[in-house]
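> After the structure tokens below, expect a handful of questions from me.
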Amino acid sequence: MLDLITPLNLPLIRYPGGNFLSGYRWEDGVGPKEQRPVRLDLAWQALEPNEFGTDEFMDFCKTAGTAPMMGVNLGTRGPQDAANLVEYCNFPGGTYYSDMRRKNGHEAPYGIQLWCLGNEMDGPWQICAKTAEEYAAIARESAKMMRLVDPTIELVACGSSMRAMPIFGSWERTVLRGCWEQVDYLSLHQYYQCNDGDLPTFLARSMEMDGFIKEVSAICQEIKAEKDSDKNVYLSFDEWNVWYHWQLGKRESPLWTVGRRVEEETFNFADALLVGCMMNTLINNADTVKIACLAQLVNALAAIMTEPGGAAWAQTIYYPFAYASRNGRGIALKADVHCETYACAIGENVPYLDVSAVLSPNGHTVTLFVVNRSLCDSVQCQFHLTEQAKLVRHISMAGFALDTVNTADSAPVCPKELPVSSDCGVVLPEASWNMLQFYL
């Protein structure tokens with residue numbers, strides 16, 4: 001599993017995020033394992049043995065070369081418990097919870113910088129869901145107490161659970177008005193489906209994602225102006241992915257078991273194309289989206305699948321995410337794209353080519369990520385850069401049936417390196433994800 005996680009170049013992992021968070025007692029997951037209680041995980045109707053908790057997660061982050069994005073339970077718990085967790089993780093010593101950490105074998109504080117104030121608190125499915133006013137109050141007071149323990153931390157407030165929520169917009173405004181000065185980011189969550197088999201519309205869903213981002217960003221600017229504030233609240237798109245195969249298959253696993261299998265999606269090649277488009281959308285909104293988390297990492301809705309005591313393998317969506325994570329660091333550029341369009345349920349002018357562009361930190365390489373949404377036609381492309389440039393690399397995922405999947409026994413969907421010419425022109429195969437690198 002680590003051999004697949006490490007190449008993803010993840011700057012952070014959100015934990016213990018999701019619906020599980022709203023019923024989690026972090027104290028259950030520290031100290032001697034033989035003394036840890038088994039609890040009911042009400043969110044997923046499973047048993048939680050607490051064999052893997054805060055300290056194990058921090059050890060895992062160190063091994064995987066990543067950092068934590070730690071969540072606090074604002075469902076069944078509140079400000080005092082949140083402050084206690086910050087004390088356990090970040091306070092040097094000499095207090096009850098910091099000395100508990102030291103007793104558990106971790107002398108130095110973890111120094112966790114990024115914290116989530118709950119998860120999807122407007123959702124009726126959420127344990128102890130809140131109204132916008134209730135959440136704004138508990139988030140504000142939790143933030144105040146957490147920052148009194150460690151003034152250096154950054155905090156993410158919950159936005160609406162998805163764009164389709166009836167209170168989307170009004171929730172964001174109420175929460176921001178209630179805790180503007182205490183938070184640094186507002187969260188967005190969104191998953192996309194193809195239940196009706198309409199693939200042209202499915203592959204255009206990233207345009208909805210772009211609109212969602214721009215709406216929430218505009219709300220943040222609205223409240224900033226309303227408060228006559230000098231600060232900005234940026235966006236944390238900390239759950240995004242494709243999610244529908246599990247529901248279509250109507251698969252069930254036994255309730256109240258340890259390691260209960262839930263929402264273990266088997267992603268196909270069409271899903272990988274949309275994930276590529278969604279990655280482009282995040283890059284193209286890097287001025288406002290400062291954090292984004294593919295949900296999830298392993299097994300549930302995940303880029304990586306495992307079998308207990310057995311194989312681990314990369315799903316189709318792993319590759320566009322991995323290449324963008326490794327090669328999409330730097331400065332997001334504005335790509336001026338001219339191509340044909342098509343009509344679908346999303347709109348009348350969906351471009352066949354979905355593009356993002358990034359200038360490397362050293363200024364020597366421009367990397368383009370391009371998805372050809374056309375299901376039947378390749379596209380001849382010519383690229384014009386403002387500086388002298390040479391196309392040096394073309395990585396592509398193409399030529400697969402859209403329903404092709406990767407499994408433990410067979411993983412056909414993976415990228416291939418294609419030959420390049422010196423004239424900065426390429427042919428993008430139909431239904432393809434591509435990475436093109438130009439040396440300046």
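So you can find residues: chains in the structure tokens are A, B, ... in the order shown, residues in each start at 1, and ligands are numbered from 1 in order.
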Find the spatial neighbours of region 426-429 of chain A, counting only C-alpha atoms, within a cut-off of 9 Å - ignore same-chain residues fewer than 5 positions away - and output them as a list in words.

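In the requested format, the answer is Val370, Val371, Asn372, Ser374, Cys376, Asp377, Ser378, Val379, Gln380, Cys381, Gln382, Phe383, His394, Ser396, Met397, Ala398, Gly399, Val420, Ser421 and Asn434 of chain A.
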
> Show me, as a tab-separated table, the residues of region 234-276 of chain A having an atom within 12 Å of region 300-311 of chain A, each with the closest atom pair and its distance in Å, using only C-alpha atoms.


```
residue	atom	partner	partner_atom	distance
A:Glu239	CA	A:Leu301	CA	10.6
A:Trp240	CA	A:Leu301	CA	9.9
A:Asn241	CA	A:Leu301	CA	7.7
A:Val242	CA	A:Leu301	CA	7.7
A:Trp243	CA	A:Leu301	CA	6.8
A:Tyr244	CA	A:Leu301	CA	9.4
A:His245	CA	A:Leu301	CA	9.6
A:Trp246	CA	A:Leu301	CA	9.0
A:Gln247	CA	A:Leu301	CA	11.7
A:Gly259	CA	A:Pro308	CA	9.7
A:Arg260	CA	A:Ala300	CA	10.3
A:Arg261	CA	A:Ala300	CA	7.7
A:Val262	CA	A:Ala300	CA	6.3
A:Glu263	CA	A:Ala300	CA	5.2
A:Glu264	CA	A:Ala300	CA	4.5
A:Glu265	CA	A:Leu301	CA	5.1
A:Thr266	CA	A:Leu301	CA	8.1
A:Phe267	CA	A:Ala303	CA	8.4
A:Asn268	CA	A:Ala303	CA	11.2
A:Asp271	CA	A:Ala303	CA	10.9
A:Ala272	CA	A:Ala303	CA	9.9
A:Val275	CA	A:Ala303	CA	10.5
```

> Dump N, CA, C and O atoms for the selected residues as a PDB file, in the first residue's frame?


```
ATOM      1  N   GLU A 239     -13.376  16.984  -0.209  1.00  0.00           N
ATOM      2  CA  GLU A 239     -13.917  15.705  -0.674  1.00  0.00           C
ATOM      3  C   GLU A 239     -14.375  15.891  -2.113  1.00  0.00           C
ATOM      4  O   GLU A 239     -15.255  16.706  -2.377  1.00  0.00           O
ATOM      5  N   TRP A 240     -13.784  15.127  -3.021  1.00  0.00           N
ATOM      6  CA  TRP A 240     -14.248  15.140  -4.413  1.00  0.00           C
ATOM      7  C   TRP A 240     -13.890  13.814  -5.065  1.00  0.00           C
ATOM      8  O   TRP A 240     -12.869  13.223  -4.784  1.00  0.00           O
ATOM      9  N   ASN A 241     -14.781  13.329  -5.917  1.00  0.00           N
ATOM     10  CA  ASN A 241     -14.527  12.077  -6.631  1.00  0.00           C
ATOM     11  C   ASN A 241     -15.760  11.693  -7.434  1.00  0.00           C
ATOM     12  O   ASN A 241     -16.743  12.434  -7.494  1.00  0.00           O
ATOM     13  N   VAL A 242     -15.703  10.505  -8.013  1.00  0.00           N
ATOM     14  CA  VAL A 242     -16.841   9.833  -8.641  1.00  0.00           C
ATOM     15  C   VAL A 242     -17.405   8.855  -7.614  1.00  0.00           C
ATOM     16  O   VAL A 242     -16.652   8.241  -6.851  1.00  0.00           O
ATOM     17  N   TRP A 243     -18.752   8.702  -7.597  1.00  0.00           N
ATOM     18  CA  TRP A 243     -19.353   7.816  -6.598  1.00  0.00           C
ATOM     19  C   TRP A 243     -20.732   7.373  -7.091  1.00  0.00           C
ATOM     20  O   TRP A 243     -21.679   8.120  -7.017  1.00  0.00           O
ATOM     21  N   TYR A 244     -20.831   6.163  -7.612  1.00  0.00           N
ATOM     22  CA  TYR A 244     -22.155   5.635  -7.959  1.00  0.00           C
ATOM     23  C   TYR A 244     -22.176   4.127  -8.201  1.00  0.00           C
ATOM     24  O   TYR A 244     -23.233   3.491  -8.146  1.00  0.00           O
ATOM     25  N   HIS A 245     -21.040   3.520  -8.459  1.00  0.00           N
ATOM     26  CA  HIS A 245     -21.029   2.101  -8.813  1.00  0.00           C
ATOM     27  C   HIS A 245     -21.541   1.219  -7.669  1.00  0.00           C
ATOM     28  O   HIS A 245     -22.267   0.247  -7.901  1.00  0.00           O
ATOM     29  N   TRP A 246     -21.153   1.553  -6.441  1.00  0.00           N
ATOM     30  CA  TRP A 246     -21.550   0.744  -5.294  1.00  0.00           C
ATOM     31  C   TRP A 246     -23.083   0.728  -5.162  1.00  0.00           C
ATOM     32  O   TRP A 246     -23.698  -0.316  -4.961  1.00  0.00           O
ATOM     33  N   GLN A 247     -23.714   1.909  -5.302  1.00  0.00           N
ATOM     34  CA  GLN A 247     -25.161   1.985  -5.181  1.00  0.00           C
ATOM     35  C   GLN A 247     -25.861   1.233  -6.309  1.00  0.00           C
ATOM     36  O   GLN A 247     -26.858   0.539  -6.093  1.00  0.00           O
ATOM     37  N   GLY A 259     -13.885  -3.634  10.127  1.00  0.00           N
ATOM     38  CA  GLY A 259     -13.424  -3.525   8.749  1.00  0.00           C
ATOM     39  C   GLY A 259     -14.533  -3.773   7.751  1.00  0.00           C
ATOM     40  O   GLY A 259     -14.298  -4.318   6.664  1.00  0.00           O
ATOM     41  N   ARG A 260     -15.755  -3.383   8.098  1.00  0.00           N
ATOM     42  CA  ARG A 260     -16.896  -3.585   7.207  1.00  0.00           C
ATOM     43  C   ARG A 260     -16.648  -2.902   5.869  1.00  0.00           C
ATOM     44  O   ARG A 260     -16.251  -1.736   5.811  1.00  0.00           O
ATOM     45  N   ARG A 261     -16.884  -3.623   4.783  1.00  0.00           N
ATOM     46  CA  ARG A 261     -16.670  -3.052   3.450  1.00  0.00           C
ATOM     47  C   ARG A 261     -17.854  -2.155   3.081  1.00  0.00           C
ATOM     48  O   ARG A 261     -18.987  -2.626   2.983  1.00  0.00           O
ATOM     49  N   VAL A 262     -17.574  -0.883   2.887  1.00  0.00           N
ATOM     50  CA  VAL A 262     -18.613   0.051   2.471  1.00  0.00           C
ATOM     51  C   VAL A 262     -18.089   0.925   1.331  1.00  0.00           C
ATOM     52  O   VAL A 262     -16.937   1.355   1.341  1.00  0.00           O
ATOM     53  N   GLU A 263     -18.941   1.123   0.342  1.00  0.00           N
ATOM     54  CA  GLU A 263     -18.656   2.038  -0.766  1.00  0.00           C
ATOM     55  C   GLU A 263     -17.306   1.749  -1.419  1.00  0.00           C
ATOM     56  O   GLU A 263     -16.548   2.676  -1.748  1.00  0.00           O
ATOM     57  N   GLU A 264     -17.002   0.485  -1.628  1.00  0.00           N
ATOM     58  CA  GLU A 264     -15.754   0.127  -2.309  1.00  0.00           C
ATOM     59  C   GLU A 264     -15.990   0.148  -3.822  1.00  0.00           C
ATOM     60  O   GLU A 264     -16.279  -0.880  -4.447  1.00  0.00           O
ATOM     61  N   GLU A 265     -15.887   1.336  -4.392  1.00  0.00           N
ATOM     62  CA  GLU A 265     -16.117   1.545  -5.813  1.00  0.00           C
ATOM     63  C   GLU A 265     -15.067   0.820  -6.661  1.00  0.00           C
ATOM     64  O   GLU A 265     -13.877   0.829  -6.321  1.00  0.00           O
ATOM     65  N   THR A 266     -15.507   0.244  -7.758  1.00  0.00           N
ATOM     66  CA  THR A 266     -14.584  -0.235  -8.784  1.00  0.00           C
ATOM     67  C   THR A 266     -14.670   0.746  -9.942  1.00  0.00           C
ATOM     68  O   THR A 266     -15.643   0.762 -10.695  1.00  0.00           O
ATOM     69  N   PHE A 267     -13.677   1.609 -10.059  1.00  0.00           N
ATOM     70  CA  PHE A 267     -13.706   2.685 -11.042  1.00  0.00           C
ATOM     71  C   PHE A 267     -13.320   2.170 -12.427  1.00  0.00           C
ATOM     72  O   PHE A 267     -12.445   1.313 -12.559  1.00  0.00           O
ATOM     73  N   ASN A 268     -13.959   2.737 -13.455  1.00  0.00           N
ATOM     74  CA  ASN A 268     -13.640   2.348 -14.830  1.00  0.00           C
ATOM     75  C   ASN A 268     -12.879   3.472 -15.533  1.00  0.00           C
ATOM     76  O   ASN A 268     -12.557   4.502 -14.941  1.00  0.00           O
ATOM     77  N   ASP A 271     -14.458   6.944 -15.575  1.00  0.00           N
ATOM     78  CA  ASP A 271     -14.250   7.663 -14.313  1.00  0.00           C
ATOM     79  C   ASP A 271     -12.885   8.347 -14.285  1.00  0.00           C
ATOM     80  O   ASP A 271     -12.750   9.464 -13.780  1.00  0.00           O
ATOM     81  N   ALA A 272     -11.875   7.679 -14.819  1.00  0.00           N
ATOM     82  CA  ALA A 272     -10.533   8.265 -14.850  1.00  0.00           C
ATOM     83  C   ALA A 272     -10.516   9.531 -15.700  1.00  0.00           C
ATOM     84  O   ALA A 272      -9.822  10.505 -15.363  1.00  0.00           O
ATOM     85  N   VAL A 275     -12.090  12.264 -13.596  1.00  0.00           N
ATOM     86  CA  VAL A 275     -11.149  12.671 -12.545  1.00  0.00           C
ATOM     87  C   VAL A 275     -10.057  13.557 -13.129  1.00  0.00           C
ATOM     88  O   VAL A 275      -9.641  14.542 -12.516  1.00  0.00           O
TER      89      VAL A 275
END
```

> Which one of A:Val258, A:Leu188, A:Cys414, A:Ala204 sits closest to Gln315 (chain A) if you count only C-alpha atoms?

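Between A:Val258, A:Leu188, A:Cys414, A:Ala204, the residue approaching Gln315 (chain A) most closely is A:Cys414.
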
> Neighbouring residues of Tyr185 (chain A) were defined as those with any atom within 8 Å, considering only C-alpha atoms; residues of the same chain fewer than 4 positions away were excluded. Please report them as an mmCIF file with C-alpha atoms, in the first residue's frame.


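What ended up in part.cif:
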```
data_model
loop_
_atom_site.group_PDB
_atom_site.id
_atom_site.type_symbol
_atom_site.label_atom_id
_atom_site.label_comp_id
_atom_site.auth_asym_id
_atom_site.auth_seq_id
_atom_site.Cartn_x
_atom_site.Cartn_y
_atom_site.Cartn_z
ATOM 1 C CA LEU A 155 -8.889 26.096 10.496
ATOM 2 C CA VAL A 156 -11.392 24.827 7.921
ATOM 3 C CA ALA A 157 -15.105 25.486 8.447
ATOM 4 C CA VAL A 233 -11.223 32.956 3.444
ATOM 5 C CA TYR A 234 -10.031 30.482 0.816
ATOM 6 C CA LEU A 235 -11.577 27.205 -0.289
ATOM 7 C CA SER A 236 -10.793 23.658 0.802
#
```

> Do you have the CA of Ala67 (chain A)-CA of Gln45 (chain A) distance handy?

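CA of Gln45 (chain A) lies 28.9 Å from CA of Ala67 (chain A).
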
> Which residue, A:Gly17, A:Pro49, A:Gly29, A:Gly78, has the smallest gap to Cys128 (chain A) when you use only C-alpha atoms?

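The answer is A:Gly78, which sits nearest to Cys128 (chain A).
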
> If you run DSSP on this backbone, which residues of region 221-308 of chain A come out as strand (DSSP E or B), and could you give them as a PDB file with all heavy atoms, in the first residue's frame?


```pdb
ATOM      1  N   TYR A 234     -10.222  31.259   2.040  1.00  0.00           N
ATOM      2  CA  TYR A 234     -10.031  30.482   0.816  1.00  0.00           C
ATOM      3  C   TYR A 234     -10.835  29.189   0.877  1.00  0.00           C
ATOM      4  O   TYR A 234     -11.536  28.921   1.867  1.00  0.00           O
ATOM      5  CB  TYR A 234      -8.535  30.199   0.618  1.00  0.00           C
ATOM      6  CG  TYR A 234      -7.733  31.434   0.297  1.00  0.00           C
ATOM      7  CD1 TYR A 234      -6.892  32.020   1.254  1.00  0.00           C
ATOM      8  CD2 TYR A 234      -7.827  32.032  -0.953  1.00  0.00           C
ATOM      9  CE1 TYR A 234      -6.159  33.152   0.958  1.00  0.00           C
ATOM     10  CE2 TYR A 234      -7.093  33.177  -1.256  1.00  0.00           C
ATOM     11  CZ  TYR A 234      -6.265  33.739  -0.299  1.00  0.00           C
ATOM     12  OH  TYR A 234      -5.550  34.863  -0.594  1.00  0.00           O
ATOM     13  N   LEU A 235     -10.746  28.402  -0.165  1.00  0.00           N
ATOM     14  CA  LEU A 235     -11.577  27.205  -0.289  1.00  0.00           C
ATOM     15  C   LEU A 235     -10.750  25.945  -0.075  1.00  0.00           C
ATOM     16  O   LEU A 235      -9.602  25.847  -0.517  1.00  0.00           O
ATOM     17  CB  LEU A 235     -12.244  27.155  -1.669  1.00  0.00           C
ATOM     18  CG  LEU A 235     -13.062  28.388  -2.076  1.00  0.00           C
ATOM     19  CD1 LEU A 235     -13.769  28.139  -3.403  1.00  0.00           C
ATOM     20  CD2 LEU A 235     -14.048  28.796  -1.001  1.00  0.00           C
ATOM     21  N   SER A 236     -11.370  24.979   0.599  1.00  0.00           N
ATOM     22  CA  SER A 236     -10.793  23.658   0.802  1.00  0.00           C
ATOM     23  C   SER A 236     -11.761  22.639   0.202  1.00  0.00           C
ATOM     24  O   SER A 236     -12.785  22.315   0.810  1.00  0.00           O
ATOM     25  CB  SER A 236     -10.582  23.387   2.294  1.00  0.00           C
ATOM     26  OG  SER A 236     -10.156  22.058   2.514  1.00  0.00           O
ATOM     27  N   PHE A 237     -11.443  22.158  -1.002  1.00  0.00           N
ATOM     28  CA  PHE A 237     -12.310  21.171  -1.664  1.00  0.00           C
ATOM     29  C   PHE A 237     -11.869  19.799  -1.153  1.00  0.00           C
ATOM     30  O   PHE A 237     -11.226  19.024  -1.850  1.00  0.00           O
ATOM     31  CB  PHE A 237     -12.175  21.271  -3.189  1.00  0.00           C
ATOM     32  CG  PHE A 237     -13.455  20.970  -3.923  1.00  0.00           C
ATOM     33  CD1 PHE A 237     -13.931  21.850  -4.882  1.00  0.00           C
ATOM     34  CD2 PHE A 237     -14.185  19.828  -3.647  1.00  0.00           C
ATOM     35  CE1 PHE A 237     -15.124  21.590  -5.557  1.00  0.00           C
ATOM     36  CE2 PHE A 237     -15.360  19.560  -4.313  1.00  0.00           C
ATOM     37  CZ  PHE A 237     -15.839  20.450  -5.261  1.00  0.00           C
ATOM     38  N   ASP A 238     -12.247  19.510   0.111  1.00  0.00           N
ATOM     39  CA  ASP A 238     -11.620  18.378   0.790  1.00  0.00           C
ATOM     40  C   ASP A 238     -12.373  17.054   0.657  1.00  0.00           C
ATOM     41  O   ASP A 238     -12.031  16.088   1.346  1.00  0.00           O
ATOM     42  CB  ASP A 238     -11.304  18.712   2.257  1.00  0.00           C
ATOM     43  CG  ASP A 238     -12.426  19.408   2.987  1.00  0.00           C
ATOM     44  OD1 ASP A 238     -13.579  18.993   2.814  1.00  0.00           O
ATOM     45  OD2 ASP A 238     -12.146  20.361   3.736  1.00  0.00           O
ATOM     46  N   GLU A 239     -13.376  16.984  -0.209  1.00  0.00           N
ATOM     47  CA  GLU A 239     -13.917  15.705  -0.674  1.00  0.00           C
ATOM     48  C   GLU A 239     -14.375  15.891  -2.113  1.00  0.00           C
ATOM     49  O   GLU A 239     -15.255  16.706  -2.377  1.00  0.00           O
ATOM     50  CB  GLU A 239     -15.081  15.208   0.184  1.00  0.00           C
ATOM     51  CG  GLU A 239     -14.694  14.646   1.535  1.00  0.00           C
ATOM     52  CD  GLU A 239     -15.841  13.920   2.228  1.00  0.00           C
ATOM     53  OE1 GLU A 239     -16.692  13.328   1.524  1.00  0.00           O
ATOM     54  OE2 GLU A 239     -15.880  13.950   3.466  1.00  0.00           O
ATOM     55  N   TRP A 240     -13.784  15.127  -3.021  1.00  0.00           N
ATOM     56  CA  TRP A 240     -14.248  15.140  -4.413  1.00  0.00           C
ATOM     57  C   TRP A 240     -13.890  13.814  -5.065  1.00  0.00           C
ATOM     58  O   TRP A 240     -12.869  13.223  -4.784  1.00  0.00           O
ATOM     59  CB  TRP A 240     -13.631  16.313  -5.195  1.00  0.00           C
ATOM     60  CG  TRP A 240     -12.143  16.241  -5.370  1.00  0.00           C
ATOM     61  CD1 TRP A 240     -11.190  16.717  -4.520  1.00  0.00           C
ATOM     62  CD2 TRP A 240     -11.428  15.638  -6.464  1.00  0.00           C
ATOM     63  NE1 TRP A 240      -9.935  16.459  -5.012  1.00  0.00           N
ATOM     64  CE2 TRP A 240     -10.041  15.795  -6.211  1.00  0.00           C
ATOM     65  CE3 TRP A 240     -11.823  14.989  -7.634  1.00  0.00           C
ATOM     66  CZ2 TRP A 240      -9.057  15.323  -7.078  1.00  0.00           C
ATOM     67  CZ3 TRP A 240     -10.837  14.525  -8.504  1.00  0.00           C
ATOM     68  CH2 TRP A 240      -9.478  14.695  -8.222  1.00  0.00           C
ATOM     69  N   ASN A 241     -14.781  13.329  -5.917  1.00  0.00           N
ATOM     70  CA  ASN A 241     -14.527  12.077  -6.631  1.00  0.00           C
ATOM     71  C   ASN A 241     -15.760  11.693  -7.434  1.00  0.00           C
ATOM     72  O   ASN A 241     -16.743  12.434  -7.494  1.00  0.00           O
ATOM     73  CB  ASN A 241     -14.164  10.952  -5.648  1.00  0.00           C
ATOM     74  CG  ASN A 241     -13.314   9.855  -6.303  1.00  0.00           C
ATOM     75  OD1 ASN A 241     -13.253   9.741  -7.521  1.00  0.00           O
ATOM     76  ND2 ASN A 241     -12.665   9.058  -5.482  1.00  0.00           N
ATOM     77  N   VAL A 242     -15.703  10.505  -8.013  1.00  0.00           N
ATOM     78  CA  VAL A 242     -16.841   9.833  -8.641  1.00  0.00           C
ATOM     79  C   VAL A 242     -17.405   8.855  -7.614  1.00  0.00           C
ATOM     80  O   VAL A 242     -16.652   8.241  -6.851  1.00  0.00           O
ATOM     81  CB  VAL A 242     -16.391   9.078  -9.910  1.00  0.00           C
ATOM     82  CG1 VAL A 242     -17.525   8.242 -10.488  1.00  0.00           C
ATOM     83  CG2 VAL A 242     -15.848  10.063 -10.945  1.00  0.00           C
ATOM     84  N   VAL A 258     -15.965  -5.620  12.137  1.00  0.00           N
ATOM     85  CA  VAL A 258     -14.732  -4.837  12.068  1.00  0.00           C
ATOM     86  C   VAL A 258     -14.245  -4.814  10.621  1.00  0.00           C
ATOM     87  O   VAL A 258     -14.201  -5.851   9.956  1.00  0.00           O
ATOM     88  CB  VAL A 258     -13.647  -5.431  12.980  1.00  0.00           C
ATOM     89  CG1 VAL A 258     -12.324  -4.686  12.796  1.00  0.00           C
ATOM     90  CG2 VAL A 258     -14.084  -5.362  14.436  1.00  0.00           C
ATOM     91  N   ASN A 268     -13.959   2.737 -13.455  1.00  0.00           N
ATOM     92  CA  ASN A 268     -13.640   2.348 -14.830  1.00  0.00           C
ATOM     93  C   ASN A 268     -12.879   3.472 -15.533  1.00  0.00           C
ATOM     94  O   ASN A 268     -12.557   4.502 -14.941  1.00  0.00           O
ATOM     95  CB  ASN A 268     -14.903   1.929 -15.586  1.00  0.00           C
ATOM     96  CG  ASN A 268     -15.945   3.047 -15.673  1.00  0.00           C
ATOM     97  OD1 ASN A 268     -15.600   4.235 -15.727  1.00  0.00           O
ATOM     98  ND2 ASN A 268     -17.209   2.676 -15.689  1.00  0.00           N
ATOM     99  N   VAL A 289      -8.901  27.920  -4.575  1.00  0.00           N
ATOM    100  CA  VAL A 289      -8.858  26.591  -3.954  1.00  0.00           C
ATOM    101  C   VAL A 289      -7.420  26.306  -3.529  1.00  0.00           C
ATOM    102  O   VAL A 289      -6.561  26.045  -4.368  1.00  0.00           O
ATOM    103  CB  VAL A 289      -9.354  25.497  -4.916  1.00  0.00           C
ATOM    104  CG1 VAL A 289      -9.270  24.124  -4.244  1.00  0.00           C
ATOM    105  CG2 VAL A 289     -10.781  25.778  -5.360  1.00  0.00           C
ATOM    106  N   LYS A 290      -7.164  26.372  -2.238  1.00  0.00           N
ATOM    107  CA  LYS A 290      -5.806  26.186  -1.725  1.00  0.00           C
ATOM    108  C   LYS A 290      -5.566  24.778  -1.193  1.00  0.00           C
ATOM    109  O   LYS A 290      -4.424  24.379  -0.971  1.00  0.00           O
ATOM    110  CB  LYS A 290      -5.519  27.210  -0.629  1.00  0.00           C
ATOM    111  CG  LYS A 290      -5.651  28.660  -1.092  1.00  0.00           C
ATOM    112  CD  LYS A 290      -4.689  28.969  -2.238  1.00  0.00           C
ATOM    113  CE  LYS A 290      -4.779  30.425  -2.682  1.00  0.00           C
ATOM    114  NZ  LYS A 290      -3.888  30.713  -3.835  1.00  0.00           N
ATOM    115  N   ILE A 291      -6.641  24.036  -0.944  1.00  0.00           N
ATOM    116  CA  ILE A 291      -6.556  22.667  -0.447  1.00  0.00           C
ATOM    117  C   ILE A 291      -7.558  21.833  -1.229  1.00  0.00           C
ATOM    118  O   ILE A 291      -8.676  22.297  -1.498  1.00  0.00           O
ATOM    119  CB  ILE A 291      -6.909  22.597   1.056  1.00  0.00           C
ATOM    120  CG1 ILE A 291      -5.996  23.497   1.891  1.00  0.00           C
ATOM    121  CG2 ILE A 291      -6.868  21.159   1.569  1.00  0.00           C
ATOM    122  CD1 ILE A 291      -6.527  23.756   3.287  1.00  0.00           C
ATOM    123  N   ALA A 292      -7.173  20.627  -1.609  1.00  0.00           N
ATOM    124  CA  ALA A 292      -8.126  19.719  -2.249  1.00  0.00           C
ATOM    125  C   ALA A 292      -7.735  18.289  -1.926  1.00  0.00           C
ATOM    126  O   ALA A 292      -6.559  17.941  -1.972  1.00  0.00           O
ATOM    127  CB  ALA A 292      -8.162  19.931  -3.765  1.00  0.00           C
ATOM    128  N   CYS A 293      -8.722  17.467  -1.579  1.00  0.00           N
ATOM    129  CA  CYS A 293      -8.458  16.083  -1.176  1.00  0.00           C
ATOM    130  C   CYS A 293      -9.328  15.135  -1.991  1.00  0.00           C
ATOM    131  O   CYS A 293     -10.561  15.185  -1.890  1.00  0.00           O
ATOM    132  CB  CYS A 293      -8.761  15.880   0.304  1.00  0.00           C
ATOM    133  SG  CYS A 293      -7.857  16.957   1.424  1.00  0.00           S
ATOM    134  N   LEU A 294      -8.686  14.285  -2.790  1.00  0.00           N
ATOM    135  CA  LEU A 294      -9.406  13.197  -3.430  1.00  0.00           C
ATOM    136  C   LEU A 294      -9.945  12.289  -2.337  1.00  0.00           C
ATOM    137  O   LEU A 294      -9.205  11.855  -1.456  1.00  0.00           O
ATOM    138  CB  LEU A 294      -8.476  12.406  -4.352  1.00  0.00           C
ATOM    139  CG  LEU A 294      -9.077  11.188  -5.045  1.00  0.00           C
ATOM    140  CD1 LEU A 294     -10.113  11.606  -6.080  1.00  0.00           C
ATOM    141  CD2 LEU A 294      -7.980  10.350  -5.706  1.00  0.00           C
ATOM    142  N   VAL A 298      -7.723   4.866   0.230  1.00  0.00           N
ATOM    143  CA  VAL A 298      -7.622   3.404   0.165  1.00  0.00           C
ATOM    144  C   VAL A 298      -8.987   2.770   0.438  1.00  0.00           C
ATOM    145  O   VAL A 298      -9.637   3.082   1.435  1.00  0.00           O
ATOM    146  CB  VAL A 298      -6.586   2.873   1.181  1.00  0.00           C
ATOM    147  CG1 VAL A 298      -6.499   1.348   1.133  1.00  0.00           C
ATOM    148  CG2 VAL A 298      -5.211   3.475   0.919  1.00  0.00           C
ATOM    149  N   ILE A 304      -6.761   3.565  -4.492  1.00  0.00           N
ATOM    150  CA  ILE A 304      -5.987   2.353  -4.204  1.00  0.00           C
ATOM    151  C   ILE A 304      -6.904   1.325  -3.555  1.00  0.00           C
ATOM    152  O   ILE A 304      -7.668   1.655  -2.639  1.00  0.00           O
ATOM    153  CB  ILE A 304      -4.804   2.670  -3.263  1.00  0.00           C
ATOM    154  CG1 ILE A 304      -3.843   3.656  -3.932  1.00  0.00           C
ATOM    155  CG2 ILE A 304      -4.071   1.401  -2.842  1.00  0.00           C
ATOM    156  CD1 ILE A 304      -2.824   4.253  -2.987  1.00  0.00           C
ATOM    157  N   MET A 305      -6.832   0.089  -4.021  1.00  0.00           N
ATOM    158  CA  MET A 305      -7.600  -1.000  -3.428  1.00  0.00           C
ATOM    159  C   MET A 305      -6.652  -2.017  -2.805  1.00  0.00           C
ATOM    160  O   MET A 305      -5.537  -2.208  -3.293  1.00  0.00           O
ATOM    161  CB  MET A 305      -8.469  -1.688  -4.477  1.00  0.00           C
ATOM    162  CG  MET A 305      -9.614  -0.833  -4.995  1.00  0.00           C
ATOM    163  SD  MET A 305     -10.796  -0.354  -3.706  1.00  0.00           S
ATOM    164  CE  MET A 305     -11.481  -1.947  -3.285  1.00  0.00           C
ATOM    165  N   THR A 306      -7.126  -2.657  -1.738  1.00  0.00           N
ATOM    166  CA  THR A 306      -6.337  -3.698  -1.081  1.00  0.00           C
ATOM    167  C   THR A 306      -7.240  -4.867  -0.715  1.00  0.00           C
ATOM    168  O   THR A 306      -8.458  -4.721  -0.578  1.00  0.00           O
ATOM    169  CB  THR A 306      -5.664  -3.187   0.209  1.00  0.00           C
ATOM    170  OG1 THR A 306      -6.661  -2.979   1.217  1.00  0.00           O
ATOM    171  CG2 THR A 306      -4.908  -1.893  -0.028  1.00  0.00           C
TER     172      THR A 306
END
```

> Name the closest residue to Asn104 (chain A) among the candidates A:Asn9, A:Thr257, A:Thr54, A:Asn19; distances are taken between atoms, counting only C-alpha atoms.

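That would be A:Thr54, the residue with the smallest distance to Asn104 (chain A).
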
> Using only C-alpha atoms, which residues sit within 9 Å of Arg205 (chain A) once same-chain residues fewer than 3 positions away are excluded, as a VMD selection string?

chain A and resid 192 to 193 201 to 202 208 to 210 274 277 to 278 346
